[in-house]
Amino acid sequence: FQGTSLTNVAEITEDDGDDEDSTPDNDVPTEDDQDDETITVDQTYDLALTKDLTSAGPYTQGSTVSYNITVTNQGSLDAATVVVEDRPQAGLTYAGLNSGDVTDNGDGTFTLNSVLAQGASLTFNVSYTIDATFQGTSLTNVAEITEDDGDDEDSTPDNDVPTEDDQDDETITVDQTYDLALTKDL
């Protein structure tokens with residue numbers, strides 16, 4: 001159920017007499033043979049994102065690194081128009097979208113192709129290549145929900161707050177070698 005209220009109507013639909021002030025089964029709410037009650041239904045809109053490393057290290061320059069990004073609808077309302085931005089650190093070059101019901105927008109963002117029903121999750125896999133000239137020893141990749149169609153109860157899209165549940169990051173260690181050689185010929 002996706003609404004915020006529900007109404008239940010009860011009416012006398014049959015009797016063996018001639019009621020003086022109402023007619024059975026005519027669905028007129030002002031008559032005294034019919035009454036209704038409306039309840040309020042509390043709904044929540046709550047999306048969460050996790051990012052998991054799916055490739056095995058050790059990682060070196062030129063290695064491919066793959067991640068699963070999972071968006072989970074933890075609320076009671078369906079979610080649509082969900083966009084995830086994947087922000088790799090300099091040194092990681094996008095290699096491709098490997099699976100998942102998402103559209104690659106070509107700018108580091110991915111749009112979920114369908115409504116994410118309450119309680120459902122959607123996982124997609126993206127991969128990157130470590131640049132051949134990368135000089136550091138670690139690389140971090142951050143993913144965050146940057147757009148949705150609701151008012152998330154515990155996070156704000158696209159605000160880059162790592163403690164919120166709509167953002168997650170993974171850091172890998174990059175093995176580097178330092179190797180000099182010298183030869184001297186006469």
# chains A, B, ... in the order shown; residues from 1 in each chain; ligands from 1
call {"tool": "closest_atom_pairs", "arguments": {"of": "segment 49-115 of chain A", "to": "segment 141-154 of chain A", "cutoff": "12 Å", "atoms": "only C-alpha atoms", "output": "Markdown table"}}
result
| residue | atom | partner | partner_atom | distance |
| --- | --- | --- | --- | --- |
| A:Leu49 | CA | A:Glu144 | CA | 7.0 |
| A:Thr50 | CA | A:Ala143 | CA | 8.1 |
| A:Lys51 | CA | A:Ala143 | CA | 7.0 |
| A:Asp52 | CA | A:Asn141 | CA | 10.3 |
| A:Leu53 | CA | A:Asn141 | CA | 9.9 |
| A:Val65 | CA | A:Asn141 | CA | 10.2 |
| A:Ser66 | CA | A:Asn141 | CA | 10.5 |
| A:Tyr67 | CA | A:Asn141 | CA | 9.1 |
| A:Asn68 | CA | A:Ala143 | CA | 10.3 |
| A:Ile69 | CA | A:Ala143 | CA | 7.6 |
| A:Thr70 | CA | A:Ala143 | CA | 9.9 |
| A:Val71 | CA | A:Ile145 | CA | 8.3 |
| A:Thr72 | CA | A:Ile145 | CA | 10.8 |
| A:Asn73 | CA | A:Asp152 | CA | 10.2 |
| A:Gln74 | CA | A:Asp152 | CA | 10.0 |
| A:Gly75 | CA | A:Asp152 | CA | 8.7 |
| A:Ser76 | CA | A:Asp152 | CA | 11.2 |
| A:Leu77 | CA | A:Gly150 | CA | 8.8 |
| A:Asp78 | CA | A:Gly150 | CA | 9.1 |
| A:Ala79 | CA | A:Asp149 | CA | 6.4 |
| A:Ala80 | CA | A:Asp149 | CA | 5.7 |
| A:Thr81 | CA | A:Asp148 | CA | 5.1 |
| A:Val82 | CA | A:Asp148 | CA | 4.4 |
| A:Val83 | CA | A:Glu147 | CA | 4.9 |
| A:Val84 | CA | A:Ile145 | CA | 4.4 |
| A:Glu85 | CA | A:Glu144 | CA | 5.4 |
| A:Asp86 | CA | A:Ala143 | CA | 4.3 |
| A:Arg87 | CA | A:Val142 | CA | 5.0 |
| A:Pro88 | CA | A:Asn141 | CA | 4.1 |
| A:Gln89 | CA | A:Asn141 | CA | 5.8 |
| A:Ala90 | CA | A:Asn141 | CA | 9.4 |
| A:Gly91 | CA | A:Asn141 | CA | 10.3 |
| A:Leu92 | CA | A:Asn141 | CA | 8.4 |
| A:Thr93 | CA | A:Asn141 | CA | 11.0 |
| A:Tyr94 | CA | A:Asn141 | CA | 11.1 |
| A:Gly108 | CA | A:Ala143 | CA | 9.7 |
| A:Thr109 | CA | A:Thr146 | CA | 8.7 |
| A:Phe110 | CA | A:Ile145 | CA | 9.5 |
| A:Thr111 | CA | A:Glu147 | CA | 9.0 |
| A:Leu112 | CA | A:Asp148 | CA | 10.0 |
| A:Val115 | CA | A:Asp149 | CA | 10.3 |
call {"tool": "closest_residue", "arguments": {"among": "A:Leu186, A:Asp166, A:Asp158, A:Thr60", "to": "Thr129 of chain A", "atoms": "only C-alpha atoms"}}
result
A:Thr60
call {"tool": "closest_residue", "arguments": {"among": "A:Phe124, A:Ala117, A:Ser138, A:Val161", "to": "Asp46 of chain A", "atoms": "only C-alpha atoms"}}
result
A:Ala117
call {"tool": "select_by_dssp", "arguments": {"residues": "segment 28-154 of chain A", "states": "strand (DSSP E or B)", "output": "ChimeraX atom specification"}}
result
/A:34-40,47-53,59,64-73,79,83-88,92-99,102-104,109-112,116,121-130,138-147
call {"tool": "closest_residue", "arguments": {"among": "A:Asn159, A:Ser127, A:Phe134, A:Asp168", "to": "Ser55 of chain A", "atoms": "only C-alpha atoms"}}
result
A:Ser127
call {"tool": "residues_around", "arguments": {"residues": "Asp165 of chain A", "least_positions_apart": "2", "cutoff": "7 Å", "atoms": "only C-alpha atoms", "output": "NGL selection string"}}
result
:A and (48-49 or 155 or 163 or 167)
call {"tool": "write_last_selection", "arguments": {"atoms": "N, CA and C atoms", "output": "PDB file, in the first residue's frame"}}
result
ATOM      1  N   ALA A  48      18.996   3.116   1.005  1.00  0.00           N
ATOM      2  CA  ALA A  48      20.353   2.906   1.507  1.00  0.00           C
ATOM      3  C   ALA A  48      21.214   2.380   0.376  1.00  0.00           C
ATOM      4  N   LEU A  49      22.524   2.644   0.451  1.00  0.00           N
ATOM      5  CA  LEU A  49      23.461   2.196  -0.575  1.00  0.00           C
ATOM      6  C   LEU A  49      24.655   1.537   0.086  1.00  0.00           C
ATOM      7  N   SER A 155      18.725  10.367   5.368  1.00  0.00           N
ATOM      8  CA  SER A 155      19.859  10.824   4.564  1.00  0.00           C
ATOM      9  C   SER A 155      19.381  11.807   3.506  1.00  0.00           C
ATOM     10  N   THR A 163      28.756   9.469   6.648  1.00  0.00           N
ATOM     11  CA  THR A 163      28.101   8.735   7.725  1.00  0.00           C
ATOM     12  C   THR A 163      26.641   8.408   7.420  1.00  0.00           C
ATOM     13  N   GLN A 167      25.424   6.550   1.176  1.00  0.00           N
ATOM     14  CA  GLN A 167      26.772   6.702   0.627  1.00  0.00           C
ATOM     15  C   GLN A 167      27.678   5.633   1.219  1.00  0.00           C
TER      16      GLN A 167
END
call {"tool": "closest_residue", "arguments": {"among": "A:Val126, A:Phe1, A:Asp169, A:Ser121", "to": "Gly96 of chain A", "atoms": "only C-alpha atoms"}}
result
A:Val126
call {"tool": "closest_residue", "arguments": {"among": "A:Gln176, A:Thr38, A:Gln118, A:Thr13", "to": "Asn26 of chain A", "atoms": "only C-alpha atoms"}}
result
A:Thr13
call {"tool": "decode", "arguments": {"residues": "segment 150-166 of chain A", "atoms": "all heavy atoms", "output": "mmCIF file, in the first residue's frame"}}
result
data_model
loop_
_atom_site.group_PDB
_atom_site.id
_atom_site.type_symbol
_atom_site.label_atom_id
_atom_site.label_comp_id
_atom_site.auth_asym_id
_atom_site.auth_seq_id
_atom_site.Cartn_x
_atom_site.Cartn_y
_atom_site.Cartn_z
ATOM 1 N N GLY A 150 11.765 11.023 -3.424
ATOM 2 C CA GLY A 150 11.125 11.107 -2.120
ATOM 3 C C GLY A 150 11.869 12.004 -1.160
ATOM 4 O O GLY A 150 12.776 12.742 -1.533
ATOM 5 N N ASP A 151 11.490 11.909 0.096
ATOM 6 C CA ASP A 151 12.114 12.668 1.167
ATOM 7 C C ASP A 151 12.654 11.645 2.161
ATOM 8 O O ASP A 151 11.965 11.236 3.087
ATOM 9 C CB ASP A 151 11.077 13.590 1.812
ATOM 10 C CG ASP A 151 11.676 14.483 2.876
ATOM 11 O OD1 ASP A 151 12.916 14.621 2.912
ATOM 12 O OD2 ASP A 151 10.905 15.048 3.672
ATOM 13 N N ASP A 152 13.904 11.223 1.935
ATOM 14 C CA ASP A 152 14.516 10.156 2.724
ATOM 15 C C ASP A 152 14.551 10.541 4.192
ATOM 16 O O ASP A 152 14.968 11.651 4.548
ATOM 17 C CB ASP A 152 15.929 9.880 2.203
ATOM 18 C CG ASP A 152 16.441 8.534 2.641
ATOM 19 O OD1 ASP A 152 16.542 8.305 3.867
ATOM 20 O OD2 ASP A 152 16.744 7.704 1.769
ATOM 21 N N GLU A 153 14.140 9.597 5.063
ATOM 22 C CA GLU A 153 14.020 9.920 6.476
ATOM 23 C C GLU A 153 15.353 10.024 7.211
ATOM 24 O O GLU A 153 15.418 10.630 8.271
ATOM 25 C CB GLU A 153 13.108 8.916 7.175
ATOM 26 C CG GLU A 153 13.684 7.534 7.346
ATOM 27 C CD GLU A 153 12.784 6.645 8.181
ATOM 28 O OE1 GLU A 153 11.663 7.049 8.518
ATOM 29 O OE2 GLU A 153 13.220 5.546 8.523
ATOM 30 N N ASP A 154 16.435 9.450 6.658
ATOM 31 C CA ASP A 154 17.693 9.484 7.403
ATOM 32 C C ASP A 154 18.919 9.866 6.573
ATOM 33 O O ASP A 154 20.050 9.681 7.029
ATOM 34 C CB ASP A 154 17.931 8.156 8.124
ATOM 35 C CG ASP A 154 18.067 6.977 7.179
ATOM 36 O OD1 ASP A 154 18.021 7.174 5.944
ATOM 37 O OD2 ASP A 154 18.227 5.850 7.673
ATOM 38 N N SER A 155 18.725 10.367 5.368
ATOM 39 C CA SER A 155 19.859 10.824 4.564
ATOM 40 C C SER A 155 19.381 11.807 3.506
ATOM 41 O O SER A 155 18.214 11.843 3.158
ATOM 42 C CB SER A 155 20.579 9.636 3.914
ATOM 43 O OG SER A 155 19.694 8.852 3.163
ATOM 44 N N THR A 156 20.336 12.590 3.010
ATOM 45 C CA THR A 156 20.042 13.595 1.999
ATOM 46 C C THR A 156 20.848 13.279 0.749
ATOM 47 O O THR A 156 22.076 13.187 0.829
ATOM 48 C CB THR A 156 20.410 15.004 2.508
ATOM 49 O OG1 THR A 156 19.701 15.239 3.726
ATOM 50 C CG2 THR A 156 20.059 16.065 1.489
ATOM 51 N N PRO A 157 20.199 13.125 -0.399
ATOM 52 C CA PRO A 157 20.949 12.821 -1.624
ATOM 53 C C PRO A 157 21.950 13.920 -1.965
ATOM 54 O O PRO A 157 21.686 15.098 -1.741
ATOM 55 C CB PRO A 157 19.859 12.737 -2.700
ATOM 56 C CG PRO A 157 18.589 12.523 -1.960
ATOM 57 C CD PRO A 157 18.763 13.188 -0.627
ATOM 58 N N ASP A 158 23.100 13.482 -2.466
ATOM 59 C CA ASP A 158 24.117 14.371 -3.045
ATOM 60 C C ASP A 158 24.651 15.413 -2.075
ATOM 61 O O ASP A 158 24.930 16.539 -2.447
ATOM 62 C CB ASP A 158 23.558 15.058 -4.303
ATOM 63 C CG ASP A 158 24.684 15.541 -5.212
ATOM 64 O OD1 ASP A 158 25.809 15.025 -5.104
ATOM 65 O OD2 ASP A 158 24.431 16.442 -6.024
ATOM 66 N N ASN A 159 24.835 15.028 -0.798
ATOM 67 C CA ASN A 159 25.424 15.980 0.136
ATOM 68 C C ASN A 159 26.805 15.545 0.616
ATOM 69 O O ASN A 159 27.414 16.221 1.444
ATOM 70 C CB ASN A 159 24.502 16.239 1.336
ATOM 71 C CG ASN A 159 24.339 15.024 2.221
ATOM 72 O OD1 ASN A 159 24.695 13.908 1.847
ATOM 73 N ND2 ASN A 159 23.791 15.222 3.410
ATOM 74 N N ASP A 160 27.299 14.402 0.131
ATOM 75 C CA ASP A 160 28.646 13.907 0.418
ATOM 76 C C ASP A 160 28.947 13.823 1.914
ATOM 77 O O ASP A 160 29.969 14.295 2.392
ATOM 78 C CB ASP A 160 29.693 14.761 -0.303
ATOM 79 C CG ASP A 160 31.031 14.038 -0.410
ATOM 80 O OD1 ASP A 160 31.057 12.797 -0.280
ATOM 81 O OD2 ASP A 160 32.055 14.706 -0.614
ATOM 82 N N VAL A 161 28.022 13.205 2.651
ATOM 83 C CA VAL A 161 28.232 12.961 4.080
ATOM 84 C C VAL A 161 28.434 11.453 4.255
ATOM 85 O O VAL A 161 27.483 10.672 4.136
ATOM 86 C CB VAL A 161 27.036 13.461 4.921
ATOM 87 C CG1 VAL A 161 27.228 13.105 6.395
ATOM 88 C CG2 VAL A 161 26.862 14.960 4.754
ATOM 89 N N PRO A 162 29.692 11.026 4.510
ATOM 90 C CA PRO A 162 29.993 9.594 4.531
ATOM 91 C C PRO A 162 29.297 8.800 5.631
ATOM 92 O O PRO A 162 29.228 7.579 5.553
ATOM 93 C CB PRO A 162 31.512 9.535 4.702
ATOM 94 C CG PRO A 162 31.974 10.906 4.955
ATOM 95 C CD PRO A 162 30.854 11.856 4.714
ATOM 96 N N THR A 163 28.756 9.469 6.648
ATOM 97 C CA THR A 163 28.101 8.735 7.725
ATOM 98 C C THR A 163 26.641 8.408 7.420
ATOM 99 O O THR A 163 26.007 7.662 8.156
ATOM 100 C CB THR A 163 28.171 9.540 9.039
ATOM 101 O OG1 THR A 163 27.613 10.839 8.812
ATOM 102 C CG2 THR A 163 29.614 9.674 9.510
ATOM 103 N N GLU A 164 26.090 8.982 6.342
ATOM 104 C CA GLU A 164 24.707 8.667 5.982
ATOM 105 C C GLU A 164 24.664 7.340 5.236
ATOM 106 O O GLU A 164 25.623 6.958 4.561
ATOM 107 C CB GLU A 164 24.113 9.781 5.114
ATOM 108 C CG GLU A 164 23.888 11.060 5.888
ATOM 109 C CD GLU A 164 23.183 12.123 5.066
ATOM 110 O OE1 GLU A 164 23.080 11.983 3.838
ATOM 111 O OE2 GLU A 164 22.725 13.084 5.680
ATOM 112 N N ASP A 165 23.510 6.656 5.316
ATOM 113 C CA ASP A 165 23.409 5.322 4.717
ATOM 114 C C ASP A 165 23.151 5.333 3.213
ATOM 115 O O ASP A 165 22.995 4.280 2.613
ATOM 116 C CB ASP A 165 22.375 4.463 5.442
ATOM 117 C CG ASP A 165 20.942 4.913 5.213
ATOM 118 O OD1 ASP A 165 20.705 5.993 4.637
ATOM 119 O OD2 ASP A 165 20.031 4.166 5.628
ATOM 120 N N ASP A 166 23.143 6.511 2.594
ATOM 121 C CA ASP A 166 22.991 6.565 1.134
ATOM 122 C C ASP A 166 24.341 6.739 0.438
ATOM 123 O O ASP A 166 24.405 7.026 -0.749
ATOM 124 C CB ASP A 166 22.030 7.686 0.712
ATOM 125 C CG ASP A 166 22.599 9.084 0.930
ATOM 126 O OD1 ASP A 166 23.561 9.244 1.724
ATOM 127 O OD2 ASP A 166 22.077 10.026 0.309
#
